Amino acid sequence: MALDSDRPSPLRATSMFERRMLVVGIVLALALGAMFTRLFTLSVVAGGEHRALAESRLDRTTLLPTVRGTITDRKGRVLAQSIPSYDLALFYPAINGAWVDARAVGAARREAGRAAWNKMGPAEREARIRAKQRELQAELDAVLAAASAAAELARPELAARMGDVRTQVERKANAVWEARLELERAKYGEAAEEQFDARPIAEQSESHVIATQLPAKAAFALRKLADAHPGILEVQDSTRRVYPWSTASIQLDRRSMPRPLRGDPLTLELAGVADHLIGGVREEVWREDLDRRPFRAVGADGEVATDLGGYRPGRDMIGSRGIERTYEDLLRGTRGRTVQRLDTGDTTRAEPARGTDIQLTLDIALQAHVQSLFMPQVGLAITQQWHHGWDASGDPKPIPLGYHVPLNGAVVVLDVDSAELLAMVSWPTMSAGEAFTDAERTQRAPAVNRAIESALPPGSIIKPIVYVGAVRGGVFGADERVECNGHYFGANDAFGRCWIYRKQFSFATHSQKLGGALDVEQAISRSCNIFFYTLADRMGIDALTAWYRDFGLGQRLDIGVSRREVQLDDAGNVTGVRIAGEAAGHLPSEAEAERIRRNGDRVSTVISGIGQGLITWTPLQAANAYATLARGGLIRDADLLRTQVSGRGPRRTGNLMLDPHACDRALEGLRQAVEETYGTGHHVTYEDRSTENIINAPGVTVWAKTGTAQAPAIRVDDNADGTPDRTVTGLEHGWFVGLVGDAAQDRPRYAIAVVLEHGGSGGKSAGPIANQVIRALIAEGYLDGNAAARPKRTVPTPTGEGWVEPTGGAG
């Protein structure tokens, strides 16, 4: 018999039931609370974001192509322009394969019918979906193969480009998701990890350009393919870049060239006219492009901002070098956009903004004419025996590099009054370098723009700058004379000698030949080293370095071309240009100057006065310095841009206040160097001891200085096997730098700098090129010359794609 105490108490049972109900109620309340919290988050906290997402899915956006700005020369001739073209773009689901999976389920269901599909078990459904996936994958592969053929793009290359897009988009998606997750962590803490929804970014549904510059026939075929297979590809209206003057034809008159090179007119086909300056564009979008200026970017608030001028994964048109790269953001323009509401059909349209046109100071016809002078078949820019001469017994002097070896070089032509650059040639051009062997490309470096990037010792062409500086600094009188005894530090000292004080000249001195001390005209025209050692020694290394810097040495002049892009602020305003394409050259640093002072090193100081030692400059700086001398010290640095571009930074201004009398005497010394028989730039001597004038252009006055600067030894790969075979020493660079004007006006109008690397004697190697440059200035109408003896005009004709007659422009 059970005791009453063993029976459940009604009170206890009720209490247990209430506790259980309380637990259930608490659990239910927590669940409802979580649901309410999530509902509140979705509808209130993130409601705007979700509404925006829903709204965006009702919009169909189409981008409208922009037109890249045109680059023209000073006379309005087109150097670079964009013409209509077509691009092939693939939708991202076709790139990453989602196109197959997204369609397989629906296609399998439609094929089976709704009733049959509902009766199927999971295994049968899965089998039908897999079968449809195989069919769709085959369709996608066939479409991509057809697109590859129509675009004349190898299938492996197409696959590689698709892979690049996939990598770029996935990197972008991960960055966006991480940014959004950080915002949610800030709101909800660690719980955000579980609740975060990594929604696809816009780039994962859009099309991406895979191939550009398609002809109309290919575009037509691809559009038919796109209509037959929706969602895989589309053809976009676009543009492609053409360079009408990239190639040109010229008939070169050779009647005024050095005697061994004369002959009938020579027809030349030029490649890469001004290609170092104008540059080019590339199609591949690099990661640095996407980082620097993305088409879409997530802000600090998590909002996505769109820059219609920004870069998208895939293919695009991007400046890769020269003006095209320097002013990429100005030339680029911004896309337009149409947005269509799918529910209402309403469409809004934002028109594209064309890129900014840029006009250069360059005369492309003069540029082509000057470039033609360097072509090997002309003979001016290859090693010649008359560059090096013959000894007293008539035997040819050795040519370190060998006979008829092509040489590198550069020419700069600058308007003295305006400081505008009319021509700036670097040889070899980049296009010429494409035909080089690997060994030649390594040795000759065609990618280097020698006019602005190649810093070389000036040699004697620096001497007039030293003279006016010594007079301006008060350490030398404008009319003072200097005795040349052939050596500065003593007859037995190997350093500090004059070039004439050699065994081959019987250790002669200029004072012996002239019967006394030299004035500055005699010192410049005969290039007396002792005269300028004296000036440099009096100035000292610090004053001399500061003076060189005043003339533009040791710094970039910022002519308006570099290999970097313009920097913009958030409002799109230009804030600056990074100058990476111009070399600053070298002047003694403070540490080097301190070492010279501490060691009492007079040798380094005096040789700096003749352009050797720690001094280097570029052909651009040489022409710029001579133009400053011609203006009496007025600083107006060389410029390549006629279009006013803000944000280039302050340019040098001021006046060096040169002594007018000293300037006149320096110019007279430069005139004598060319026009008097004793001048170092007057004549070239041939094997039979006959001579002829280096400068024979009619009706002009030339003020110029030659320079022969010691060059370091180089290693030469004779058999092009990639391994240097020998080391060549005894090399010298040849310079010819000066000013030219019409004889009737008797004032300098243009500055010309010519350098022929390893050319030997400046007068004999660079001088004949300078003569032809002057004749080109006459032929192109920049100098009047002697009308009766004016050379027949040589008219370069552009042969590159897109050439049209110019509409005119300033001369």
# chains A, B, ... in the order shown; residues from 1 in each chain; ligands from 1

$ select_by_dssp --residues "stretch 247-348 of chain A" --states "helix (DSSP H, G or I)" --output "ChimeraX atom specification"
/A:259-261,275-278,287-292,322-326,328-332

$ closest_atom_pairs --of "stretch 520-551 of chain A" --to "stretch 626-629 of chain A" --cutoff "12 Å" --atoms "only C-alpha atoms" --output "tab-separated table"
residue	atom	partner	partner_atom	distance
A:Tyr548	CA	A:Thr628	CA	11.9
A:Asp550	CA	A:Thr628	CA	10.0
A:Phe551	CA	A:Thr628	CA	7.2

$ atom_distance --atom1 "atom CA of A:Val471" --atom2 "atom CA of A:Ala625"
16.7 Å

$ residues_around --residues "A:His586" --least-positions-apart "3" --cutoff "12 Å" --atoms "only C-alpha atoms" --output "list of chain:residue names"
A:Glu453, A:Ser454, A:Ala455, A:Leu456, A:Pro457, A:Pro458, A:Thr545, A:Tyr548, A:Arg549, A:Gly552, A:Leu553, A:Gly554, A:Gln555, A:Arg556, A:Ala583, A:Ser589, A:Glu592, A:Ser608, A:Gly611, A:Gln612, A:Gly613, A:Leu614, A:Ile615, A:Thr616, A:Trp617, A:Thr618, A:Gln621

$ closest_residue --among "A:Gly474, A:Gly314, A:Gly272, A:Gly486" --to "A:Arg287" --atoms "only C-alpha atoms"
A:Gly314

$ closest_residue --among "A:Gly299, A:Pro258, A:Ser320, A:Ala591" --to "A:Thr691" --atoms "only C-alpha atoms"
A:Pro258

$ atom_distance --atom1 "atom CA of A:Ala451" --atom2 "atom CA of A:Val754"
9.1 Å

$ residues_around --residues "A:Asp59" --least-positions-apart "5" --cutoff "10 Å" --atoms "only C-alpha atoms" --output "MDAnalysis selection string"
chainID A and resid 54 338:347

$ write_last_selection --atoms "C-alpha atoms" --output "mmCIF file, in the first residue's frame"
data_model
loop_
_atom_site.group_PDB
_atom_site.id
_atom_site.type_symbol
_atom_site.label_atom_id
_atom_site.label_comp_id
_atom_site.auth_asym_id
_atom_site.auth_seq_id
_atom_site.Cartn_x
_atom_site.Cartn_y
_atom_site.Cartn_z
ATOM 1 C CA ALA A 54 16.413 46.542 -54.684
ATOM 2 C CA THR A 338 22.436 55.886 -69.537
ATOM 3 C CA VAL A 339 20.245 54.431 -66.785
ATOM 4 C CA GLN A 340 16.933 52.797 -67.753
ATOM 5 C CA ARG A 341 14.250 51.942 -65.171
ATOM 6 C CA LEU A 342 12.977 48.454 -65.988
ATOM 7 C CA ASP A 343 9.644 49.031 -64.217
ATOM 8 C CA THR A 344 8.788 52.340 -65.886
ATOM 9 C CA GLY A 345 10.994 52.445 -68.990
ATOM 10 C CA ASP A 346 12.249 55.928 -68.038
ATOM 11 C CA THR A 347 15.813 56.669 -69.149
#

$ residues_around --residues "stretch 119-135 of chain A" --least-positions-apart "4" --cutoff "6 Å" --atoms "only C-alpha atoms" --output "number ranges by chain"
A: 100, 104-105, 108

$ select_by_dssp --residues "stretch 385-479 of chain A" --states "strand (DSSP E or B)" --output "number ranges by chain"
A: 390, 396, 406, 409-415, 420-427, 456

$ closest_residue --among "A:Ala381, A:Leu30, A:Leu421, A:Val405" --to "A:Gly734" --atoms "only C-alpha atoms"
A:Ala381

$ residues_around --residues "A:Ile364" --least-positions-apart "4" --cutoff "12 Å" --atoms "only C-alpha atoms" --output "PyMOL selection string"
chain A and resi 71-80+243-248+272-275+277-278+359-360+368-371+421-425+780+795-798+806+811

$ residues_around --residues "A:Gln644" --least-positions-apart "2" --cutoff "12 Å" --atoms "only C-alpha atoms" --output "PyMOL selection string"
chain A and resi 330+356-361+560+574+639-642+646-648

$ write_last_selection --atoms "N, CA and C atoms" --output "PDB file, in the first residue's frame"
ATOM      1  N   LEU A 330      44.155  64.035 -68.089  1.00  0.00           N
ATOM      2  CA  LEU A 330      43.582  65.122 -68.896  1.00  0.00           C
ATOM      3  C   LEU A 330      43.116  64.596 -70.248  1.00  0.00           C
ATOM      4  N   THR A 356      40.852  66.341 -72.842  1.00  0.00           N
ATOM      5  CA  THR A 356      41.445  67.635 -73.195  1.00  0.00           C
ATOM      6  C   THR A 356      42.447  67.469 -74.336  1.00  0.00           C
ATOM      7  N   ASP A 357      42.345  68.325 -75.345  1.00  0.00           N
ATOM      8  CA  ASP A 357      43.336  68.333 -76.428  1.00  0.00           C
ATOM      9  C   ASP A 357      44.610  69.023 -75.936  1.00  0.00           C
ATOM     10  N   ILE A 358      45.754  68.555 -76.396  1.00  0.00           N
ATOM     11  CA  ILE A 358      47.043  69.123 -75.986  1.00  0.00           C
ATOM     12  C   ILE A 358      47.843  69.497 -77.224  1.00  0.00           C
ATOM     13  N   GLN A 359      48.306  70.730 -77.259  1.00  0.00           N
ATOM     14  CA  GLN A 359      49.153  71.196 -78.359  1.00  0.00           C
ATOM     15  C   GLN A 359      50.585  71.340 -77.870  1.00  0.00           C
ATOM     16  N   LEU A 360      51.506  70.788 -78.635  1.00  0.00           N
ATOM     17  CA  LEU A 360      52.922  70.873 -78.307  1.00  0.00           C
ATOM     18  C   LEU A 360      53.584  72.013 -79.064  1.00  0.00           C
ATOM     19  N   THR A 361      54.739  72.440 -78.595  1.00  0.00           N
ATOM     20  CA  THR A 361      55.525  73.461 -79.298  1.00  0.00           C
ATOM     21  C   THR A 361      56.299  72.847 -80.463  1.00  0.00           C
ATOM     22  N   GLY A 560      57.561  69.553 -69.545  1.00  0.00           N
ATOM     23  CA  GLY A 560      56.183  69.120 -69.775  1.00  0.00           C
ATOM     24  C   GLY A 560      56.047  67.698 -70.244  1.00  0.00           C
ATOM     25  N   VAL A 574      44.177  69.565 -61.465  1.00  0.00           N
ATOM     26  CA  VAL A 574      45.568  69.123 -61.510  1.00  0.00           C
ATOM     27  C   VAL A 574      46.327  69.717 -60.335  1.00  0.00           C
ATOM     28  N   ASP A 639      60.317  74.750 -72.934  1.00  0.00           N
ATOM     29  CA  ASP A 639      58.970  74.213 -72.718  1.00  0.00           C
ATOM     30  C   ASP A 639      58.527  73.456 -73.954  1.00  0.00           C
ATOM     31  N   LEU A 640      57.776  72.379 -73.734  1.00  0.00           N
ATOM     32  CA  LEU A 640      57.259  71.563 -74.829  1.00  0.00           C
ATOM     33  C   LEU A 640      55.755  71.755 -75.021  1.00  0.00           C
ATOM     34  N   LEU A 641      55.094  72.437 -74.080  1.00  0.00           N
ATOM     35  CA  LEU A 641      53.638  72.556 -74.122  1.00  0.00           C
ATOM     36  C   LEU A 641      53.190  73.956 -74.523  1.00  0.00           C
ATOM     37  N   ARG A 642      52.289  74.011 -75.499  1.00  0.00           N
ATOM     38  CA  ARG A 642      51.599  75.268 -75.787  1.00  0.00           C
ATOM     39  C   ARG A 642      50.291  75.352 -75.013  1.00  0.00           C
ATOM     40  N   SER A 646      47.511  73.520 -65.737  1.00  0.00           N
ATOM     41  CA  SER A 646      47.716  73.944 -64.353  1.00  0.00           C
ATOM     42  C   SER A 646      48.384  72.834 -63.568  1.00  0.00           C
ATOM     43  N   GLY A 647      48.970  73.207 -62.456  1.00  0.00           N
ATOM     44  CA  GLY A 647      49.520  72.209 -61.555  1.00  0.00           C
ATOM     45  C   GLY A 647      50.914  71.725 -61.897  1.00  0.00           C
ATOM     46  N   ARG A 648      51.575  72.341 -62.882  1.00  0.00           N
ATOM     47  CA  ARG A 648      52.920  71.884 -63.226  1.00  0.00           C
ATOM     48  C   ARG A 648      53.951  72.327 -62.195  1.00  0.00           C
TER      49      ARG A 648
END

$ closest_residue --among "A:Pro712, A:Ala112, A:Thr643, A:Pro406" --to "A:Phe436" --atoms "only C-alpha atoms"
A:Pro406

$ closest_atom_pairs --of "stretch 386-486 of chain A" --to "stretch 716-727 of chain A" --cutoff "12 Å" --atoms "only C-alpha atoms" --output "CSV"
residue,atom,partner,partner_atom,distance
A:Pro400,CA,A:Thr727,CA,10.0
A:Leu401,CA,A:Val716,CA,8.7
A:Gly402,CA,A:Asp718,CA,10.8
A:Val405,CA,A:Asp718,CA,11.2
A:Phe436,CA,A:Ala720,CA,10.4
A:Thr437,CA,A:Ala720,CA,7.4
A:Asp438,CA,A:Gly722,CA,7.5
A:Ala439,CA,A:Ala720,CA,5.4
A:Glu440,CA,A:Ala720,CA,7.5
A:Arg441,CA,A:Ala720,CA,10.4
A:Thr442,CA,A:Gly722,CA,9.1
A:Gln443,CA,A:Val716,CA,7.6
A:Arg444,CA,A:Val716,CA,10.5
